[in-house]
$ cat target.txt   # compact mmCIF, C-alpha atoms
# COMPACT_ATOMS: atom_id res chain seq x y z
CA MET A 1 74.66 99.10 145.67
CA ASN A 2 78.43 98.61 145.22
CA SER A 3 80.12 102.04 145.11
CA ILE A 4 83.47 100.62 143.86
CA ASP A 5 81.68 98.94 140.98
CA ASN A 6 79.90 102.17 140.03
CA TYR A 7 83.05 104.31 140.18
CA ILE A 8 85.15 101.90 138.13
CA LYS A 9 82.45 101.42 135.50
CA PHE A 10 82.04 105.18 135.20
CA SER A 11 85.78 105.79 134.78
CA LEU A 12 86.20 102.95 132.27
CA SER A 13 82.91 103.58 130.39
CA ILE A 14 81.66 100.04 130.99
CA LYS A 15 77.91 99.36 130.96
CA ASP A 16 77.77 95.56 131.06
CA LYS A 17 75.52 94.63 134.00
CA ASN A 18 76.95 91.11 134.18
CA VAL A 19 80.35 92.51 135.18
CA VAL A 20 80.70 93.51 138.84
CA PHE A 21 83.99 95.08 140.04
CA PHE A 22 85.13 94.40 143.57
CA ASP A 23 88.82 95.33 143.82
CA TYR A 24 91.70 97.20 142.16
CA GLU A 25 95.48 97.54 142.65
CA TYR A 26 98.82 98.23 140.97
CA GLN A 27 100.79 95.25 139.63
CA LEU A 28 104.09 94.79 137.81
CA ILE A 29 103.19 93.19 134.46
CA LYS A 30 105.80 92.68 131.72
CA SER A 31 108.24 94.89 133.69
CA ARG A 32 105.77 97.79 133.68
CA GLN A 33 103.57 99.16 136.42
CA ALA A 34 99.96 98.51 135.44
CA LYS A 35 96.51 99.14 136.88
CA VAL A 36 94.50 95.97 137.47
CA TYR A 37 90.74 96.01 138.09
CA ARG A 38 89.16 92.79 139.36
CA ALA A 39 85.59 91.87 138.47
CA LYS A 40 83.24 88.93 138.52
CA VAL A 41 81.31 88.00 135.39
CA LYS A 42 77.94 86.44 136.13
CA ALA A 43 76.60 83.62 134.01
CA THR A 44 73.18 84.34 132.48
CA CYS A 45 72.55 80.85 131.09
CA ASP A 46 69.44 79.14 132.59
CA HIS A 47 69.42 75.97 130.47
CA CYS A 48 72.15 73.68 129.27
CA PRO A 49 73.02 74.47 125.61
CA GLN A 50 73.72 70.76 125.00
CA CYS A 51 70.70 68.93 126.50
CA GLY A 52 68.32 71.81 127.27
CA PHE A 53 67.70 70.94 130.94
CA ASP A 54 68.00 73.51 133.70
CA HIS A 55 70.03 71.38 136.10
CA LEU A 56 73.04 73.74 136.23
CA SER A 57 75.27 74.15 139.26
CA HIS A 58 78.11 76.49 140.13
CA ASN A 59 81.56 75.10 139.23
CA GLY A 60 84.07 77.80 140.24
CA HIS A 61 85.50 80.63 138.17
CA TYR A 62 87.84 80.94 135.20
CA LYS A 63 90.25 83.86 135.62
CA SER A 64 91.42 85.77 132.53
CA ARG A 65 93.36 89.03 132.18
CA VAL A 66 92.10 91.36 129.47
CA LEU A 67 93.93 94.41 128.11
CA TYR A 68 91.84 97.60 128.25
CA PRO A 69 92.47 101.14 126.88
CA ALA A 70 94.42 103.41 129.21
CA ALA A 71 94.32 107.19 129.53
CA ASN A 72 98.08 107.15 130.19
CA ALA A 73 100.06 104.93 127.80
CA SER A 74 102.85 104.54 130.39
CA GLU A 75 100.42 102.74 132.76
CA PRO A 76 98.55 99.92 130.98
CA VAL A 77 95.12 98.92 132.26
CA TYR A 78 94.05 95.29 132.70
CA LEU A 79 90.74 93.76 133.67
CA GLU A 80 91.07 90.61 135.76
CA LEU A 81 87.78 88.89 134.94
CA HIS A 82 86.59 86.02 137.13
CA LYS A 83 84.14 84.30 134.79
CA GLU A 84 81.60 82.09 136.50
CA ARG A 85 81.52 78.46 135.34
CA LEU A 86 78.44 76.23 135.39
CA VAL A 87 78.20 72.47 134.90
CA CYS A 88 75.15 70.48 133.80
CA LYS A 89 74.26 67.67 136.20
CA ASP A 90 72.61 65.65 133.42
CA CYS A 91 75.16 65.62 130.58
CA GLY A 92 78.23 67.11 132.27
CA THR A 93 78.55 70.01 129.79
CA SER A 94 80.52 72.99 131.14
CA VAL A 95 79.27 76.53 130.48
CA MET A 96 81.29 79.68 131.12
CA ALA A 97 80.00 83.25 131.53
CA THR A 98 80.63 85.68 128.68
CA THR A 99 80.78 89.47 128.44
CA GLU A 100 80.47 92.01 125.66
CA LEU A 101 83.78 93.58 126.72
CA VAL A 102 85.88 90.95 124.97
CA ASP A 103 85.44 88.23 122.36
CA LYS A 104 85.62 84.58 123.30
CA TYR A 105 89.16 83.15 123.45
CA CYS A 106 90.58 86.69 123.22
CA HIS A 107 92.60 88.69 125.76
CA ILE A 108 92.39 92.08 124.07
CA SER A 109 89.19 94.00 124.73
CA LYS A 110 86.90 95.28 121.98
CA ALA A 111 87.51 98.83 123.20
CA THR A 112 91.27 98.41 122.68
CA ARG A 113 90.69 97.08 119.18
CA GLN A 114 88.39 100.01 118.43
CA LYS A 115 91.01 102.44 119.72
CA MET A 116 93.65 100.88 117.45
CA PHE A 117 91.19 101.08 114.59
CA MET A 118 90.74 104.84 115.15
CA GLN A 119 94.48 105.48 115.54
CA LEU A 120 95.27 103.64 112.31
CA GLN A 121 93.22 106.30 110.52
CA ASP A 122 95.79 108.92 111.54
CA ASP A 123 99.12 109.68 109.89
CA ARG A 124 101.31 107.60 112.22
CA THR A 125 103.29 104.38 112.22
CA GLN A 126 101.91 101.01 113.29
CA CYS A 127 104.67 100.71 115.91
CA SER A 128 103.50 103.91 117.62
CA VAL A 129 99.90 102.60 117.61
CA ALA A 130 101.12 99.35 119.19
CA ARG A 131 103.14 101.23 121.81
CA ASP A 132 100.19 103.42 122.82
CA ASN A 133 97.96 100.37 123.28
CA SER A 134 100.53 98.12 125.02
CA VAL A 135 100.42 95.47 122.29
CA SER A 136 102.98 94.19 119.82
CA PRO A 137 103.31 95.53 116.25
CA SER A 138 102.44 92.03 115.03
CA THR A 139 99.08 92.31 116.80
CA VAL A 140 98.37 95.59 114.99
CA CYS A 141 99.27 93.96 111.67
CA ARG A 142 97.00 91.02 112.42
CA TYR A 143 94.04 93.29 113.16
CA LEU A 144 94.90 95.34 110.07
CA ASP A 145 94.43 92.16 108.02
CA HIS A 146 90.92 91.77 109.46
CA TYR A 147 89.98 95.38 108.70
CA ASP A 148 90.00 94.61 105.00
CA ASP A 149 86.67 92.83 105.57
CA LEU A 150 85.10 96.20 106.39
CA PHE A 151 85.48 97.33 102.77
CA ARG A 152 82.94 95.10 101.09
CA ARG A 153 83.09 94.69 97.31
CA ASN A 154 79.84 95.76 95.73
CA TYR A 155 79.73 94.37 92.19
CA SER A 156 76.25 95.71 91.49
CA TYR A 157 77.09 99.43 91.50
CA LEU A 158 79.50 101.75 89.70
CA PRO A 159 79.55 105.58 89.89
CA GLU A 160 78.45 107.49 86.81
CA HIS A 161 81.74 109.39 86.75
CA LEU A 162 85.02 107.52 87.29
CA ALA A 163 88.63 108.70 87.54
CA MET A 164 91.61 106.40 86.90
CA ASP A 165 95.31 106.72 87.67
CA GLU A 166 98.22 104.79 89.15
CA PHE A 167 100.63 105.27 92.05
CA ARG A 168 103.93 103.74 93.11
CA GLY A 169 103.52 101.42 96.07
CA VAL A 170 104.97 98.18 97.49
CA GLY A 171 108.40 97.33 96.13
CA GLY A 172 108.34 100.26 93.71
CA LYS A 173 105.53 98.66 91.68
CA PHE A 174 102.73 100.71 90.16
CA HIS A 175 99.21 100.03 91.46
CA PHE A 176 96.00 100.93 89.66
CA ILE A 177 93.51 103.15 91.51
CA CYS A 178 89.97 104.09 90.54
CA ILE A 179 87.72 106.53 92.43
CA ASN A 180 84.33 108.16 92.16
CA GLY A 181 85.04 111.17 89.94
CA ALA A 182 82.14 113.19 91.40
CA GLY A 183 80.50 113.65 94.78
CA ASP A 184 82.47 112.30 97.73
CA HIS A 185 85.42 110.93 95.66
CA THR A 186 85.46 107.59 97.50
CA ILE A 187 87.91 104.92 96.38
CA GLN A 188 86.26 102.37 94.10
CA GLN A 189 89.17 99.92 93.92
CA ILE A 190 92.94 99.57 94.23
CA LEU A 191 94.56 96.76 92.23
CA PRO A 192 98.00 95.21 92.89
CA ASP A 193 99.26 96.16 89.41
CA ARG A 194 98.24 98.26 86.43
CA PHE A 195 98.33 95.58 83.74
CA LYS A 196 95.65 95.90 81.10
CA GLN A 197 94.26 92.40 81.58
CA THR A 198 94.10 92.79 85.36
CA ILE A 199 92.00 95.94 85.06
CA ILE A 200 89.71 94.41 82.44
CA ASP A 201 89.22 91.27 84.56
CA TYR A 202 88.19 93.41 87.54
CA PHE A 203 85.58 95.44 85.65
CA ASP A 204 84.29 92.32 83.88
CA GLN A 205 82.96 91.18 87.27
CA PHE A 206 80.30 93.90 86.95
CA HIS A 207 77.21 93.20 84.87
CA ILE A 208 77.14 94.87 81.46
CA ASN A 209 74.10 96.94 82.49
CA THR A 210 76.04 98.30 85.46
CA ARG A 211 79.00 99.22 83.25
CA MET A 212 76.74 100.88 80.68
CA ARG A 213 75.57 103.37 83.32
CA VAL A 214 79.06 104.92 83.52
CA LYS A 215 78.92 108.27 81.67
CA THR A 216 82.47 109.68 81.88
CA VAL A 217 85.94 108.38 82.75
CA THR A 218 88.69 110.88 83.54
CA LEU A 219 92.29 109.83 82.92
CA ASP A 220 95.63 110.99 81.58
CA LEU A 221 96.92 110.41 78.04
CA ASN A 222 97.94 106.82 78.79
CA SER A 223 96.88 105.03 75.59
CA TYR A 224 95.96 101.63 77.03
CA TYR A 225 93.68 103.23 79.65
CA GLN A 226 91.67 104.56 76.72
CA ASP A 227 91.50 101.05 75.22
CA ILE A 228 90.28 99.68 78.57
CA VAL A 229 87.52 102.28 78.81
CA ARG A 230 86.30 101.53 75.30
CA ILE A 231 86.20 97.80 76.09
CA VAL A 232 84.48 97.78 79.49
CA PHE A 233 82.40 100.99 79.38
CA PRO A 234 80.52 101.13 76.05
CA ASN A 235 78.64 104.37 76.80
CA ALA A 236 81.37 106.26 78.66
CA LYS A 237 82.92 109.47 77.36
CA ILE A 238 86.71 109.65 77.81
CA VAL A 239 87.87 112.91 79.39
CA VAL A 240 91.57 113.78 79.52
CA ASP A 241 92.57 115.61 82.66
CA ARG A 242 93.10 119.32 81.93
CA PHE A 243 96.03 119.49 84.33
CA HIS A 244 97.96 116.93 82.26
CA ILE A 245 97.30 118.94 79.09
CA SER A 246 98.60 122.12 80.72
CA ALA A 247 101.57 120.23 82.21
CA MET A 248 102.58 118.89 78.78
CA MET A 249 102.34 122.40 77.30
CA THR A 250 104.41 124.04 80.04
CA ARG A 251 106.99 121.23 79.88
CA ALA A 252 107.38 121.71 76.13
CA PHE A 253 107.77 125.48 76.52
CA ASN A 254 110.27 125.05 79.34
CA GLN A 255 112.39 122.69 77.23
CA SER A 256 112.31 125.21 74.37
CA ARG A 257 113.33 128.06 76.68
CA VAL A 258 116.24 126.11 78.19
CA GLN A 259 117.45 124.94 74.77
CA LEU A 260 117.45 128.53 73.45
CA MET A 261 119.06 129.84 76.64
CA LYS A 262 122.03 127.47 76.29
CA THR A 263 122.87 128.91 72.88
CA TYR A 264 123.95 132.19 74.56
CA ASN A 265 126.94 132.91 76.73
CA LYS A 266 126.24 132.99 80.46
CA GLN A 267 127.38 136.59 80.70
CA THR A 268 125.01 137.92 78.05
CA LYS A 269 121.79 139.79 78.70
CA GLU A 270 119.78 137.26 76.66
CA TYR A 271 120.94 134.38 78.86
CA ARG A 272 120.01 136.23 82.06
CA THR A 273 116.66 137.22 80.60
CA LEU A 274 115.76 133.60 79.82
CA LYS A 275 117.45 131.99 82.83
CA PHE A 276 115.97 133.78 85.82
CA ALA A 277 112.33 134.41 86.75
CA TRP A 278 111.43 131.22 84.88
CA LYS A 279 108.33 130.76 87.04
CA LEU A 280 106.72 133.83 85.50
CA TYR A 281 106.72 132.20 82.06
CA LEU A 282 104.60 129.31 83.35
CA LYS A 283 101.86 131.45 84.94
CA HIS A 284 98.69 132.45 83.14
CA PHE A 285 99.37 135.72 81.33
CA ASP A 286 96.30 137.34 82.90
CA ASP A 287 97.68 136.56 86.36
CA LEU A 288 100.89 138.52 85.78
CA ASP A 289 101.03 141.83 87.63
CA VAL A 290 100.96 144.92 85.37
CA LYS A 291 101.16 147.65 88.04
CA GLN A 292 103.56 146.65 90.81
CA LEU A 293 107.20 147.36 89.97
CA TYR A 294 110.03 145.27 91.41
CA TYR A 295 113.79 145.52 90.98
CA ASP A 296 115.32 142.70 88.94
CA ARG A 297 118.92 142.41 90.12
CA HIS A 298 119.88 140.27 87.10
CA LEU A 299 118.75 142.89 84.58
CA ARG A 300 119.45 145.83 86.95
CA LYS A 301 116.16 147.63 86.34
CA GLN A 302 112.65 147.97 87.70
CA LEU A 303 109.97 146.01 85.85
CA THR A 304 106.46 144.65 86.21
CA GLN A 305 105.90 140.91 85.82
CA GLN A 306 104.40 141.30 82.35
CA GLU A 307 107.32 143.47 81.20
CA ARG A 308 109.76 140.89 82.55
CA VAL A 309 108.10 138.09 80.57
CA GLN A 310 107.89 140.22 77.42
CA LEU A 311 111.63 140.91 77.54
CA GLY A 312 112.32 137.19 77.45
CA LEU A 313 109.88 136.60 74.59
CA ASN A 314 111.51 139.36 72.52
CA VAL A 315 114.71 137.30 72.36
CA ASP A 316 113.28 134.83 69.82
CA GLU A 317 110.17 134.90 67.63
CA LYS A 318 109.57 131.13 67.72
CA LEU A 319 109.75 131.17 71.51
CA ALA A 320 107.17 133.97 71.57
CA ASN A 321 104.87 132.00 69.24
CA THR A 322 105.30 128.93 71.44
CA TYR A 323 104.39 130.98 74.51
CA ASN A 324 101.29 132.38 72.81
CA ALA A 325 100.19 128.87 71.77
CA MET A 326 100.65 127.58 75.32
CA GLN A 327 98.71 130.49 76.81
CA GLY A 328 96.00 130.19 74.17
CA VAL A 329 95.40 126.48 74.77
CA MET A 330 95.29 126.94 78.55
CA LEU A 331 92.85 129.85 78.16
CA CYS A 332 90.60 127.78 75.87
CA LEU A 333 90.55 124.97 78.43
CA LYS A 334 89.69 127.43 81.16
CA ASN A 335 86.85 129.02 79.15
CA HIS A 336 85.65 125.70 77.62
CA ASP A 337 86.26 127.09 74.11
CA LYS A 338 86.32 124.12 71.71
CA ALA A 339 86.62 126.23 68.54
CA GLY A 340 89.61 128.15 69.88
CA LEU A 341 91.27 124.94 70.94
CA VAL A 342 90.93 123.48 67.42
CA HIS A 343 92.39 126.71 65.99
CA TYR A 344 95.56 126.48 68.09
CA LEU A 345 96.00 122.78 67.30
CA GLU A 346 95.73 123.41 63.54
CA HIS A 347 97.97 126.50 63.28
CA ASN A 348 101.30 125.31 64.66
CA ASP A 349 103.81 126.15 61.93
CA GLN A 350 105.96 128.84 63.61
CA LEU A 351 106.59 126.88 66.80
CA THR A 352 109.52 125.10 68.41
CA PRO A 353 109.91 121.35 67.72
CA GLN A 354 109.00 120.47 71.31
CA MET A 355 105.69 122.31 71.14
CA LYS A 356 104.94 120.89 67.68
CA ALA A 357 105.37 117.35 69.01
CA THR A 358 103.05 118.11 71.94
CA LEU A 359 100.34 119.60 69.69
CA LYS A 360 100.70 116.63 67.35
CA THR A 361 99.90 114.34 70.29
CA PHE A 362 96.85 116.48 71.08
CA LYS A 363 95.64 116.30 67.46
CA LYS A 364 96.01 112.52 67.54
CA ASN A 365 93.70 112.47 70.58
CA LEU A 366 91.50 115.36 69.40
CA GLY A 367 88.19 113.82 70.49
CA ILE A 368 89.11 113.28 74.12
CA ILE A 369 90.96 116.63 74.24
CA LEU A 370 87.76 118.38 73.16
CA ASN A 371 85.85 116.41 75.81
CA ALA A 372 88.21 117.88 78.40
CA SER A 373 87.45 121.40 77.20
CA GLU A 374 83.71 121.02 77.82
CA SER A 375 83.68 118.71 80.86
CA LYS A 376 83.72 119.90 84.47
CA TYR A 377 85.41 116.72 85.74
CA SER A 378 89.14 116.32 86.24
CA ASN A 379 91.72 114.09 87.90
CA GLY A 380 92.27 116.63 90.69
CA PRO A 381 90.60 114.49 93.39
CA ILE A 382 92.58 111.36 92.49
CA GLU A 383 95.84 113.36 92.46
CA GLY A 384 94.97 114.50 95.98
CA ILE A 385 94.46 110.89 97.06
CA ASN A 386 97.82 109.96 95.48
CA ARG A 387 99.40 112.73 97.55
CA MET A 388 97.80 111.22 100.68
CA ILE A 389 99.15 107.77 99.74
CA LYS A 390 102.68 109.15 99.38
CA GLN A 391 102.42 110.66 102.87
CA ILE A 392 101.19 107.36 104.32
CA GLN A 393 104.15 105.51 102.82
CA ARG A 394 106.60 108.21 103.90
CA THR A 395 105.40 108.05 107.50
CA ALA A 396 105.53 104.24 107.55
CA PHE A 397 108.95 104.15 105.82
CA GLY A 398 107.36 102.03 103.09
CA PHE A 399 105.24 98.88 103.12
CA ARG A 400 106.15 95.28 102.39
CA ASN A 401 102.56 94.03 102.52
CA TYR A 402 100.21 95.25 99.78
CA HIS A 403 97.05 94.54 101.81
CA HIS A 404 98.35 96.57 104.76
CA LEU A 405 98.95 99.51 102.45
CA VAL A 406 95.44 99.29 100.96
CA SER A 407 93.85 99.03 104.41
CA ARG A 408 95.74 102.08 105.68
CA ILE A 409 94.69 104.07 102.60
CA LYS A 410 91.02 103.22 103.04
CA LEU A 411 91.14 103.75 106.81
CA GLN A 412 92.66 107.20 106.37
CA GLN A 413 90.00 108.10 103.82
CA MET A 414 87.39 106.99 106.38
CA ARG A 415 88.81 109.65 108.74
CA THR A 416 88.49 112.37 106.09
CA LYS A 417 84.95 111.18 105.19
CA PRO A 418 83.42 110.13 108.56
CA ASN A 419 79.89 109.88 107.12
CA LYS A 420 81.06 106.94 105.00

$ encode --input "target.txt" --output "structure tokens"
Amino acid sequence: MNSIDNYIKFSLSIKDKNVVFFDYEYQLIKSRQAKVYRAKVKATCDHCPQCGFDHLSHNGHYKSRVLYPAANASEPVYLELHKERLVCKDCGTSVMATTELVDKYCHISKATRQKMFMQLQDDRTQCSVARDNSVSPSTVCRYLDHYDDLFRRNYSYLPEHLAMDEFRGVGGKFHFICINGAGDHTIQQILPDRFKQTIIDYFDQFHINTRMRVKTVTLDLNSYYQDIVRIVFPNAKIVVDRFHISAMMTRAFNQSRVQLMKTYNKQTKEYRTLKFAWKLYLKHFDDLDVKQLYYDRHLRKQLTQQERVQLGLNVDEKLANTYNAMQGVMLCLKNHDKAGLVHYLEHNDQLTPQMKATLKTFKKNLGIILNASESKYSNGPIEGINRMIKQIQRTAFGFRNYHHLVSRIKLQQMRTKPNK
């Protein structure tokens, strides 16, 4: 029993019985001190693969140097493999020993590739991954191109609940993204653009029976997304994301507040009442504190949060009506109250022009707005994925290659969902 072989295999986590280590030393490779482990690779071939006879004889060794993962990135590890060569006496065919540590014609071990694969799932740059594994950034990019094969396209299945959106990616272009709206929220597909025909062409690759199984599609108020859903998903119910409805309401109220505020002089009490503590106007009214007093230095008095908001609403009646409409719609969405939602959309006379325009848009899309009030699905998961994509691009200082961006997105989602 070779003790050196056992110790080296244990430290490097190698279990291939055809590899037998016999020596190790430090060498200067590429101007860096590196650990080199020498091993012989035994040939296991008994018959010639060309003629089938067993007249094989030893014909020396082929020496190759293979990069292996290192515990310390400052000291790379190399395996100097002496692969046994055999020659057939009948046909002259040459056979060389192989090992599961590295692919044929490759000088980077499978373990190193697996380590790069795991590191690419983290929030870090490709250059740092290359530096930790003693390879070039181009090598990381080349392996990243191959990783796209891991995400196989299954054109026989679609989730029952889909969520659609877009995000800004390579070169400032918008890319379409679609995920499973329920369950594990896995990414269904990312397309290089968000053109209507491109999206329709992608979903047309699925059989009509597969597309008919889709029950709901969650999206924002983008009009051509609704047209796409009606074309490719005949039985799907369109659900507008409740966050986008609330965001449009709060934006309209904020514009009304700022427009009214600018009609007063900056030194007046009305201006200070509308200008400061603007965040309180955008909170749900029930979440405002009614007990705890705090000193407002702009108004020079102690108030609760509800009293502070009420002072601002007392400045103008239309602004107060606009606030009540905004709070009413958000409360109806929260409580899934369809009748109350219709009431607020119909009675919109004493409101600011900004809020009237917003409610007019809601009335135009009344059916899908009502679907949002009764559905439990939203675009929250896809907005979280968009936030993850922004962080990936920020860390990498942007991407020039669309496929690299998509691979990094899917790899990072694999880290957050290891069971997949």

$ closest_atom_pairs --input "target.txt" --of "stretch 149-261 of chain A" --to "stretch 355-361 of chain A" --cutoff "8 Å" --atoms "all atoms listed in the file" --output "Markdown table"
| residue | atom | partner | partner_atom | distance |
| --- | --- | --- | --- | --- |
| A:Met248 | CA | A:Thr358 | CA | 6.9 |
| A:Met249 | CA | A:Thr358 | CA | 6.9 |
| A:Ala252 | CA | A:Met355 | CA | 5.3 |
| A:Phe253 | CA | A:Met355 | CA | 6.6 |
| A:Ser256 | CA | A:Met355 | CA | 7.9 |

$ atom_distance --input "target.txt" --atom1 "atom CA of A:His403" --atom2 "atom CA of A:Gln391"
17.0 Å

$ closest_residue --input "target.txt" --among "A:Glu317, A:Asp220, A:Asp184, A:Asp286" --to "A:Ile369" --atoms "only C-alpha atoms"
A:Asp220

$ closest_residue --input "target.txt" --among "A:Arg113, A:Ile199, A:Val342, A:Leu351" --to "A:Lys363" --atoms "only C-alpha atoms"
A:Val342

$ closest_residue --input "target.txt" --among "A:Asp287, A:Gln327, A:Cys127, A:Thr210" --to "A:Cys141" --atoms "all atoms listed in the file"
A:Cys127

$ residues_around --input "target.txt" --residues "A:Met118" --least-positions-apart "3" --cutoff "10 Å" --atoms "only C-alpha atoms" --output "ChimeraX atom specification"
/A:112-115,121-122,129,411-412,414-415

$ closest_residue --input "target.txt" --among "A:His185, A:His47, A:Lys262, A:His82" --to "A:Ser94" --atoms "only C-alpha atoms"
A:His47

$ atom_distance --input "target.txt" --atom1 "atom CA of A:Gly172" --atom2 "atom CA of A:Lys196"
18.4 Å

$ atom_distance --input "target.txt" --atom1 "atom CA of A:Thr304" --atom2 "atom CA of A:Arg257"
20.3 Å
